[in-house]
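Below: input29.txt (compact mmCIF, C-alpha atoms)
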# COMPACT_ATOMS: atom_id res chain seq x y z
CA MET G 1 -2.70 -29.29 20.93
CA ASN G 2 -3.51 -30.39 17.41
CA SER G 3 -4.13 -28.03 14.48
CA ARG G 4 -7.91 -28.05 14.92
CA GLU G 5 -7.61 -27.11 18.61
CA ILE G 6 -5.18 -24.30 17.79
CA ILE G 7 -7.54 -22.86 15.16
CA GLU G 8 -10.46 -23.07 17.60
CA LEU G 9 -8.39 -21.26 20.24
CA VAL G 10 -7.47 -18.49 17.80
CA GLU G 11 -11.05 -18.10 16.57
CA SER G 12 -12.33 -18.00 20.16
CA ALA G 13 -9.88 -15.20 20.95
CA GLU G 14 -10.81 -13.41 17.73
CA SER G 15 -14.49 -13.35 18.70
CA GLU G 16 -13.61 -11.35 21.82
CA LEU G 17 -11.87 -8.61 19.84
CA LYS G 18 -14.62 -7.27 17.57
CA GLU G 19 -15.07 -3.93 19.35
CA ILE G 20 -11.32 -3.32 19.56
CA PHE G 21 -10.89 -4.15 15.87
CA SER G 22 -13.74 -1.78 14.99
CA SER G 23 -11.96 1.06 16.80
CA ILE G 24 -8.75 0.29 14.88
CA ASP G 25 -10.66 0.42 11.58
CA LYS G 26 -11.95 3.89 12.47
CA THR G 27 -8.40 5.11 13.08
CA ALA G 28 -7.33 3.62 9.73
CA TYR G 29 -10.16 5.55 8.05
CA PHE G 30 -9.04 8.75 9.82
CA TYR G 31 -5.49 8.38 8.46
CA SER G 32 -6.64 7.25 5.03
CA GLU G 33 -8.55 10.50 4.67
CA LYS G 34 -5.53 12.46 5.90
CA VAL G 35 -3.13 10.80 3.43
CA LEU G 36 -5.55 11.13 0.51
CA ASN G 37 -6.10 14.83 1.25
CA ALA G 38 -2.34 15.44 1.46
CA MET G 39 -1.73 13.74 -1.88
CA GLN G 40 -4.51 15.77 -3.52
CA HIS G 41 -3.50 19.09 -1.94
CA ASN G 42 0.07 18.63 -3.17
CA ASN G 43 -0.98 17.75 -6.74
CA LEU G 44 0.52 14.28 -6.82
CA SER G 45 0.84 13.30 -10.48
CA GLU G 46 2.29 10.48 -12.54
CA GLY G 47 5.31 12.65 -13.24
CA CYS G 48 6.24 12.32 -9.57
CA PHE G 49 7.04 8.64 -10.18
CA ASN G 50 9.95 9.50 -12.50
CA GLU G 51 13.44 8.73 -11.26
CA THR G 52 16.53 10.88 -10.96
CA THR G 53 20.13 9.68 -10.93
CA GLY G 54 23.49 11.26 -10.20
CA TYR G 55 23.09 14.34 -8.06
CA GLY G 56 19.30 14.19 -8.14
CA TYR G 57 18.68 17.85 -8.85
CA ASN G 58 15.07 19.03 -9.34
CA ASP G 59 13.41 15.78 -8.35
CA LEU G 60 9.70 16.60 -8.50
CA GLY G 61 8.63 13.36 -6.85
CA ARG G 62 11.06 13.70 -3.95
CA ASP G 63 9.90 17.24 -3.23
CA THR G 64 6.24 16.21 -3.47
CA ILE G 65 6.80 13.29 -1.09
CA GLU G 66 8.30 15.64 1.46
CA ASN G 67 5.43 18.10 1.13
CA ILE G 68 2.95 15.25 1.61
CA TYR G 69 4.75 14.04 4.74
CA LYS G 70 4.84 17.61 6.03
CA GLU G 71 1.06 17.81 5.72
CA VAL G 72 0.36 14.36 7.17
CA PHE G 73 2.43 15.23 10.26
CA SER G 74 1.26 18.88 10.46
CA SER G 75 4.94 19.88 10.58
CA GLU G 76 6.84 22.85 9.15
CA ASP G 77 9.07 20.67 7.02
CA ALA G 78 10.13 17.11 6.22
CA ILE G 79 13.01 15.16 4.71
CA VAL G 80 12.12 11.70 3.35
CA ARG G 81 15.01 9.94 1.64
CA ASN G 82 16.13 6.55 0.43
CA GLN G 83 19.67 7.65 1.34
CA PHE G 84 18.77 6.86 4.96
CA VAL G 85 19.81 3.24 5.48
CA SER G 86 17.44 2.69 8.40
CA GLY G 87 15.57 4.39 11.20
CA SER G 88 18.69 4.14 13.37
CA HIS G 89 20.69 5.86 10.62
CA ALA G 90 18.13 8.68 10.48
CA LEU G 91 18.34 9.05 14.26
CA SER G 92 22.14 9.15 14.07
CA VAL G 93 22.12 11.75 11.28
CA THR G 94 19.65 13.88 13.24
CA LEU G 95 21.66 13.74 16.45
CA PHE G 96 24.88 14.68 14.64
CA ALA G 97 23.01 17.48 12.86
CA LEU G 98 21.66 19.02 16.06
CA LEU G 99 24.55 18.58 18.50
CA ARG G 100 27.96 20.28 18.69
CA PRO G 101 31.06 19.67 20.87
CA GLY G 102 30.26 20.57 24.46
CA ASP G 103 26.49 20.16 24.01
CA LEU G 104 24.47 17.98 26.36
CA LEU G 105 22.13 15.24 25.08
CA LEU G 106 19.58 13.94 27.57
CA SER G 107 17.42 10.84 27.19
CA ILE G 108 14.35 10.97 29.44
CA SER G 109 13.04 7.54 28.42
CA GLY G 110 15.94 5.57 29.87
CA LEU G 111 18.56 3.69 27.90
CA PRO G 112 18.06 4.11 24.14
CA TYR G 113 17.76 1.22 21.70
CA ASP G 114 20.86 -0.96 21.29
CA THR G 115 21.81 0.38 17.84
CA LEU G 116 22.26 3.91 19.25
CA HIS G 117 24.75 2.92 21.97
CA GLU G 118 27.77 3.33 19.71
CA VAL G 119 26.25 6.40 18.06
CA ILE G 120 25.99 8.18 21.41
CA GLY G 121 29.11 6.71 22.96
CA ILE G 122 27.43 4.64 25.66
CA LYS G 123 29.53 1.90 24.11
CA ASP G 124 32.98 3.04 22.97
CA ASN G 125 33.33 3.97 19.31
CA ASN G 126 35.82 6.43 17.80
CA SER G 127 33.05 7.89 15.61
CA SER G 128 30.51 8.41 18.40
CA LEU G 129 29.03 11.69 19.56
CA ALA G 130 31.11 11.32 22.73
CA SER G 131 34.30 11.19 20.65
CA PHE G 132 33.36 14.65 19.32
CA GLY G 133 32.85 16.03 22.83
CA VAL G 134 29.07 15.69 23.08
CA ARG G 135 28.00 14.84 26.61
CA TYR G 136 25.23 12.37 27.41
CA ASP G 137 23.01 11.72 30.40
CA GLN G 138 19.74 9.87 30.96
CA ILE G 139 16.76 9.82 33.27
CA ASP G 140 14.99 6.50 33.61
CA LEU G 141 11.23 6.02 33.46
CA VAL G 142 9.38 5.35 36.71
CA ASP G 143 6.46 2.91 36.57
CA ASP G 144 6.34 3.26 32.77
CA ASP G 145 6.01 7.04 32.93
CA PHE G 146 8.42 9.96 32.88
CA ASP G 147 10.12 10.99 36.10
CA TYR G 148 8.63 14.48 35.98
CA GLU G 149 10.19 15.72 39.23
CA LYS G 150 13.69 14.59 38.25
CA ILE G 151 13.31 16.05 34.74
CA GLU G 152 12.24 19.41 36.19
CA SER G 153 15.14 19.48 38.63
CA TYR G 154 17.66 18.42 35.98
CA LEU G 155 16.60 21.10 33.50
CA LYS G 156 16.76 23.81 36.14
CA ASN G 157 20.35 22.86 36.94
CA ASN G 158 21.75 21.92 33.50
CA LYS G 159 21.68 23.48 30.03
CA VAL G 160 20.44 20.70 27.76
CA LYS G 161 20.66 21.09 23.97
CA VAL G 162 18.61 18.04 22.87
CA ILE G 163 16.18 15.82 24.75
CA GLU G 164 15.65 12.41 23.13
CA ILE G 165 12.52 10.35 23.74
CA GLN G 166 12.20 6.81 22.41
CA ARG G 167 8.51 5.98 22.28
CA SER G 168 8.71 2.26 21.48
CA LYS G 169 10.06 -0.08 24.13
CA GLY G 170 12.99 -1.48 22.15
CA TYR G 171 14.37 -4.64 23.73
CA SER G 172 13.06 -3.78 27.18
CA THR G 173 10.17 -4.78 29.41
CA ARG G 174 8.76 -1.26 29.81
CA LYS G 175 5.59 -0.07 28.11
CA SER G 176 5.77 2.06 24.98
CA ILE G 177 5.01 5.74 25.51
CA THR G 178 1.59 7.07 24.56
CA ILE G 179 0.90 10.55 23.18
CA ASP G 180 -0.80 11.78 26.36
CA LYS G 181 2.45 11.24 28.27
CA ILE G 182 4.47 12.90 25.48
CA ASP G 183 2.09 15.88 25.65
CA ARG G 184 2.45 16.23 29.42
CA VAL G 185 6.25 16.02 29.48
CA ILE G 186 6.70 18.44 26.56
CA LYS G 187 4.54 21.03 28.35
CA LEU G 188 6.75 20.63 31.43
CA ILE G 189 10.01 20.87 29.47
CA LYS G 190 8.98 23.93 27.46
CA SER G 191 7.78 25.72 30.61
CA ILE G 192 11.33 25.45 31.96
CA ASP G 193 13.41 25.87 28.78
CA LYS G 194 11.63 26.85 25.58
CA ASP G 195 14.87 26.52 23.56
CA VAL G 196 15.65 22.86 24.28
CA ILE G 197 15.15 20.68 21.18
CA ILE G 198 12.79 17.75 21.78
CA MET G 199 13.51 14.85 19.44
CA ILE G 200 11.18 11.85 19.23
CA ASP G 201 12.12 8.38 18.03
CA ASN G 202 8.74 7.49 16.53
CA CYS G 203 9.62 4.07 15.06
CA TYR G 204 6.71 1.57 15.19
CA CYS G 205 4.29 4.26 16.48
CA GLU G 206 3.00 6.00 13.36
CA MET G 207 -0.78 5.87 12.76
CA VAL G 208 -1.45 3.94 15.96
CA GLU G 209 -2.90 6.95 17.82
CA ARG G 210 -4.73 9.81 16.12
CA ILE G 211 -2.34 12.51 17.33
CA ASN G 212 1.37 12.57 16.47
CA PRO G 213 4.21 14.10 18.54
CA ILE G 214 4.57 17.20 16.32
CA GLU G 215 0.98 18.13 17.19
CA VAL G 216 1.82 18.21 20.91
CA GLY G 217 4.98 20.30 20.54
CA ALA G 218 7.85 18.00 19.56
CA ASP G 219 10.53 19.78 17.51
CA VAL G 220 11.80 16.77 15.51
CA VAL G 221 10.28 13.33 14.86
CA VAL G 222 12.17 10.45 13.23
CA GLY G 223 11.02 7.12 11.80
CA SER G 224 11.76 4.33 9.32
CA LEU G 225 10.10 3.56 5.98
CA ILE G 226 10.48 -0.20 6.40
CA LYS G 227 8.20 0.10 9.40
CA ASN G 228 4.74 1.66 9.56
CA LEU G 229 4.74 4.43 6.98
CA GLY G 230 6.37 2.41 4.20
CA GLY G 231 3.27 0.23 4.09
CA GLY G 232 5.37 -2.81 3.16
CA LEU G 233 6.19 -1.28 -0.26
CA ALA G 234 9.02 1.17 0.42
CA PRO G 235 12.27 -0.76 -0.16
CA ASN G 236 14.28 1.30 2.34
CA GLY G 237 14.61 4.82 3.70
CA ALA G 238 13.44 6.96 6.60
CA TYR G 239 11.87 10.30 7.37
CA VAL G 240 12.53 13.25 9.67
CA VAL G 241 9.81 15.86 10.20
CA GLY G 242 9.79 19.01 12.30
CA SER G 243 10.85 22.64 12.43
CA LYS G 244 12.17 24.00 9.14
CA ASN G 245 15.52 25.19 10.52
CA LEU G 246 16.18 21.79 12.11
CA ILE G 247 15.23 19.85 8.97
CA GLU G 248 17.68 22.00 7.00
CA LEU G 249 20.44 20.94 9.42
CA VAL G 250 19.48 17.28 9.00
CA GLY G 251 19.61 17.65 5.20
CA GLU G 252 23.10 19.17 5.31
CA ARG G 253 24.33 16.37 7.57
CA LEU G 254 22.81 13.67 5.36
CA THR G 255 24.45 15.06 2.20
CA LEU G 256 26.83 18.00 2.60
CA PRO G 257 26.81 21.61 3.77
CA GLY G 258 25.79 24.01 1.03
CA GLU G 259 23.84 21.42 -0.95
CA GLY G 260 21.71 19.72 1.68
CA ARG G 261 18.29 18.70 0.44
CA GLU G 262 18.86 19.93 -3.10
CA VAL G 263 20.70 16.68 -3.90
CA GLY G 264 19.90 13.02 -3.46
CA PRO G 265 18.77 10.88 -6.41
CA THR G 266 15.63 8.83 -5.85
CA LEU G 267 16.65 6.08 -8.29
CA GLY G 268 13.07 5.13 -9.09
CA VAL G 269 11.67 4.53 -5.60
CA ASN G 270 9.25 7.47 -5.47
CA LYS G 271 6.26 5.40 -6.54
CA GLN G 272 6.96 2.73 -3.91
CA ILE G 273 7.37 5.32 -1.15
CA LEU G 274 4.16 7.09 -2.16
CA GLN G 275 2.14 3.92 -2.65
CA GLY G 276 3.48 2.58 0.65
CA LEU G 277 2.23 5.69 2.45
CA PHE G 278 -1.12 5.30 0.67
CA PHE G 279 -1.48 1.75 2.02
CA ALA G 280 0.04 2.53 5.43
CA PRO G 281 -3.22 3.20 7.35
CA SER G 282 -4.60 -0.20 6.35
CA VAL G 283 -1.30 -2.01 6.90
CA VAL G 284 -0.79 -0.48 10.36
CA ALA G 285 -4.35 -1.50 11.24
CA SER G 286 -3.60 -5.08 10.15
CA SER G 287 -0.41 -5.10 12.21
CA LEU G 288 -2.25 -3.85 15.28
CA LYS G 289 -4.94 -6.49 14.90
CA THR G 290 -2.30 -9.20 14.51
CA SER G 291 -0.51 -8.04 17.69
CA ILE G 292 -3.74 -7.86 19.67
CA LEU G 293 -4.80 -11.33 18.51
CA ALA G 294 -1.37 -12.70 19.46
CA SER G 295 -1.63 -11.02 22.86
CA ARG G 296 -4.98 -12.66 23.62
CA VAL G 297 -4.06 -16.09 22.25
CA MET G 298 -0.68 -16.29 24.01
CA GLU G 299 -2.25 -15.09 27.25
CA LYS G 300 -4.79 -17.93 26.94
CA LEU G 301 -1.78 -20.25 26.59
CA ASN G 302 -0.54 -18.91 29.95
CA TYR G 303 2.30 -16.74 28.70
CA LYS G 304 2.90 -13.26 30.13
CA VAL G 305 2.16 -10.63 27.47
CA SER G 306 2.54 -6.87 27.21
CA PRO G 307 0.49 -5.00 26.35
CA LYS G 308 -2.57 -7.06 27.16
CA TYR G 309 -5.15 -7.28 24.41
CA ASP G 310 -7.44 -4.64 25.93
CA GLU G 311 -4.76 -2.11 26.92
CA SER G 312 -4.19 1.14 25.00
CA ARG G 313 -1.29 0.96 22.57
CA ALA G 314 1.39 3.35 21.37
CA ASP G 315 3.00 1.07 18.78
CA ILE G 316 2.57 -2.17 16.84
CA VAL G 317 4.97 -4.24 18.99
CA GLN G 318 3.76 -7.16 21.10
CA ASN G 319 5.89 -8.63 23.91
CA ILE G 320 5.55 -12.33 24.72
CA GLU G 321 7.60 -13.44 27.71
CA PHE G 322 8.81 -17.06 27.67
CA ASN G 323 11.30 -17.21 30.58
CA ASP G 324 13.03 -19.96 28.62
CA PRO G 325 15.51 -19.45 25.76
CA ASP G 326 14.37 -22.64 24.01
CA LEU G 327 10.73 -21.53 23.94
CA LEU G 328 11.72 -18.09 22.64
CA ILE G 329 13.77 -19.69 19.87
CA LYS G 330 10.97 -22.10 18.92
CA PHE G 331 8.39 -19.32 18.72
CA VAL G 332 10.63 -17.16 16.52
CA GLN G 333 11.35 -20.16 14.31
CA GLY G 334 7.60 -20.79 14.16
CA ILE G 335 6.94 -17.26 12.90
CA GLN G 336 9.56 -17.86 10.20
CA SER G 337 7.74 -21.05 9.22
CA GLY G 338 4.56 -18.99 8.76
CA SER G 339 6.25 -16.43 6.50
CA PRO G 340 5.86 -16.15 2.71
CA VAL G 341 9.61 -15.86 2.03
CA ASP G 342 12.20 -18.41 3.21
CA SER G 343 9.60 -20.28 5.24
CA ASN G 344 11.89 -23.35 5.21
CA ALA G 345 14.75 -21.40 6.83
CA ILE G 346 15.45 -22.00 10.51
CA PRO G 347 16.57 -18.81 12.33
CA ILE G 348 19.34 -19.13 14.89
CA ALA G 349 20.70 -16.65 17.41
CA TRP G 350 23.76 -14.73 16.17
CA ASP G 351 26.01 -11.77 16.96
CA MET G 352 24.05 -9.12 15.11
CA PRO G 353 25.93 -5.83 14.43
CA GLY G 354 24.98 -3.10 16.90
CA TYR G 355 23.67 -5.45 19.63
CA SER G 356 25.34 -6.53 22.87
CA ASP G 357 23.51 -9.87 23.13
CA GLN G 358 22.92 -12.50 20.52
CA VAL G 359 19.66 -11.88 18.68
CA ILE G 360 17.31 -14.31 16.95
CA MET G 361 15.13 -12.86 14.22
CA ALA G 362 12.36 -14.20 12.01
CA ALA G 363 11.92 -11.99 8.97
CA GLY G 364 10.52 -13.96 6.05
CA SER G 365 9.72 -10.69 4.35
CA PHE G 366 9.71 -9.29 0.83
CA THR G 367 11.96 -6.43 2.01
CA GLN G 368 14.97 -7.44 4.07
CA GLY G 369 14.49 -6.47 7.72
CA SER G 370 11.03 -5.03 7.14
CA SER G 371 9.25 -5.08 10.49
CA ILE G 372 5.92 -3.86 9.16
CA GLU G 373 5.74 -7.30 7.57
CA LEU G 374 5.11 -10.12 10.05
CA SER G 375 8.35 -10.50 11.96
CA CYS G 376 9.57 -11.52 15.37
CA ASP G 377 12.87 -11.08 17.14
CA GLY G 378 14.44 -11.00 20.56
CA PRO G 379 17.77 -10.94 22.38
CA ILE G 380 18.92 -14.13 24.03
CA ARG G 381 18.75 -12.75 27.54
CA ALA G 382 16.38 -13.16 30.49
CA PRO G 383 13.40 -13.01 30.66
CA TYR G 384 13.56 -14.23 27.02
CA ILE G 385 10.99 -11.99 25.38
CA ALA G 386 9.80 -12.32 21.79
CA TYR G 387 8.99 -8.98 20.16
CA LEU G 388 6.31 -9.62 17.55
CA GLN G 389 5.27 -6.98 15.05
CA GLY G 390 3.86 -6.44 11.59
CA GLY G 391 1.44 -8.12 9.27
CA LEU G 392 0.71 -6.67 5.84
CA THR G 393 -2.81 -8.05 6.10
CA TYR G 394 -4.63 -9.35 9.14
CA ASP G 395 -5.36 -12.68 7.46
CA TYR G 396 -1.66 -13.33 6.84
CA GLY G 397 -0.87 -12.25 10.40
CA LYS G 398 -3.47 -14.64 11.79
CA LEU G 399 -2.14 -17.49 9.64
CA GLY G 400 1.41 -16.71 10.76
CA LEU G 401 0.39 -16.90 14.41
CA ILE G 402 -1.42 -20.22 13.91
CA LYS G 403 1.59 -21.71 12.13
CA ALA G 404 3.94 -20.46 14.86
CA ILE G 405 1.92 -22.18 17.58
CA GLU G 406 1.70 -25.36 15.48
CA TYR G 407 5.50 -25.28 15.06
CA MET G 408 6.00 -24.94 18.84
CA GLU G 409 3.66 -27.86 19.48
CA LYS G 410 5.51 -30.10 17.01
CA ASN G 411 9.01 -29.16 18.15
Could you render the structure as structure tokens?
Amino acid sequence: MNSREIIELVESAESELKEIFSSIDKTAYFYSEKVLNAMQHNNLSEGCFNETTGYGYNDLGRDTIENIYKEVFSSEDAIVRNQFVSGSHALSVTLFALLRPGDLLLSISGLPYDTLHEVIGIKDNNSSLASFGVRYDQIDLVDDDFDYEKIESYLKNNKVKVIEIQRSKGYSTRKSITIDKIDRVIKLIKSIDKDVIIMIDNCYCEMVERINPIEVGADVVVGSLIKNLGGGLAPNGAYVVGSKNLIELVGERLTLPGEGREVGPTLGVNKQILQGLFFAPSVVASSLKTSILASRVMEKLNYKVSPKYDESRADIVQNIEFNDPDLLIKFVQGIQSGSPVDSNAIPIAWDMPGYSDQVIMAAGSFTQGSSIELSCDGPIRAPYIAYLQGGLTYDYGKLGLIKAIEYMEKN
């Protein structure tokens, strides 16, 4: 295919998506109103943009950010900090905050994301939860849904402290988990054991559906600021929202017992975090449109995709299955060639920390590792799936996709 044919293909696919895009725009408007109301209700002012250093006592902006997040999520409390290195770090801190030696952690969404394997102790590490005597078990999904019968039986025969649910698919072929399924399984769990703590890994899922996990009974929800809610502006950080007593535990694990959330300098990032949240509804909408366009175009090119363009979505991630390591590598390199930063760089697969397989990653982004910006990555293992996500604007996402296909055709 030449460039003109590729553009015609993309524009043909785009013309089929008008109704879907219109629905996404309505969800963006819904969240825009929610964010604006939260900022107004919590008296966001220019003084909130001031920085603190050292211990970070009495940081007005930090406290306001957390109150805004609390309102956006309809949660009792929130901790939103640049001291979190990543979403995985926030998940690790939360798990260590909630679990004690002898406690049982249960995943009901199958094997967690690769970066949590050493945290939990699935893969040996002397600093893992397992090394502190925390037990772990998992129940796999069945046909992309929870195994409700097995979950019910397990809870009736075991005292579980924390149940972990990873909504996004990670590096797997399963579908991401929608809110209706979260709602159903939480009702089941709480009917058996009202004291079990339900923790949701919400990375990539924020502002995709109009209901969030807190609103259907989750106790703790965790996510990254260099994904959806950072809006492409937050330079790092993560959030944890949920019950007040649990957020207090997370704060004391992040810093230290006795000081907890009272400390933690913001070092001048408050404005970026707040402005990122302000833009997040629009940016998430652009990312969704980019993924849906990619799904339709790559399907027209006879690649297997998941989800399909007209399926309901729980997150911004698009799977494209190549069944060939060379094609996967070329597509990822093509996304890099369509990026604004380091577009002349050629990604190669490498032994990335925290992953069992070599990973190739295109991330020509303004913030290192930001996957709300157009990015694409995948492990070098069968069936050789590219995981595409992000797009600060739909136009840049569309251009990135066109350039990626052009790159594949030339190479």
When you count only C-alpha atoms, which of these residues is closest to Ile7 (chain G): G:Ala130, G:Leu399, G:Val80, G:Asp145?
G:Leu399
Residue nearest Glu262 (chain G) - candidates G:Ala382, G:Ile79, G:Leu98, G:Ala218, atoms counted: all atoms listed in the file:
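Among the listed residues, G:Ile79 lies closest to Glu262 (chain G).
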Just checking: using only C-alpha atoms, which residue out of G:Gly364, G:Arg296, G:Gly217, G:Asn212 ends up closest to Ile186 (chain G)?
G:Gly217
Which residues come within 10 Å of Leu116 (chain G), counting only C-alpha atoms, excluding same-chain residues fewer than 2 positions away, as a PyMOL selection string?
chain G and resi 88-89+91-92+111-114+118-123+128+354-355
For the residues in the current selection, export C-alpha atoms as an mmCIF file, keeping the file's coordinate frame.
data_model
loop_
_atom_site.group_PDB
_atom_site.id
_atom_site.type_symbol
_atom_site.label_atom_id
_atom_site.label_comp_id
_atom_site.auth_asym_id
_atom_site.auth_seq_id
_atom_site.Cartn_x
_atom_site.Cartn_y
_atom_site.Cartn_z
ATOM 1 C CA SER G 88 18.690 4.140 13.370
ATOM 2 C CA HIS G 89 20.690 5.860 10.620
ATOM 3 C CA LEU G 91 18.340 9.050 14.260
ATOM 4 C CA SER G 92 22.140 9.150 14.070
ATOM 5 C CA LEU G 111 18.560 3.690 27.900
ATOM 6 C CA PRO G 112 18.060 4.110 24.140
ATOM 7 C CA TYR G 113 17.760 1.220 21.700
ATOM 8 C CA ASP G 114 20.860 -0.960 21.290
ATOM 9 C CA GLU G 118 27.770 3.330 19.710
ATOM 10 C CA VAL G 119 26.250 6.400 18.060
ATOM 11 C CA ILE G 120 25.990 8.180 21.410
ATOM 12 C CA GLY G 121 29.110 6.710 22.960
ATOM 13 C CA ILE G 122 27.430 4.640 25.660
ATOM 14 C CA LYS G 123 29.530 1.900 24.110
ATOM 15 C CA SER G 128 30.510 8.410 18.400
ATOM 16 C CA GLY G 354 24.980 -3.100 16.900
ATOM 17 C CA TYR G 355 23.670 -5.450 19.630
#
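The residue that comes closest to Glu33 (chain G), out of G:Ile65, G:Ile139, G:Ile247, G:Ala280 and on the basis of all atoms listed in the file, is G:Ala280.
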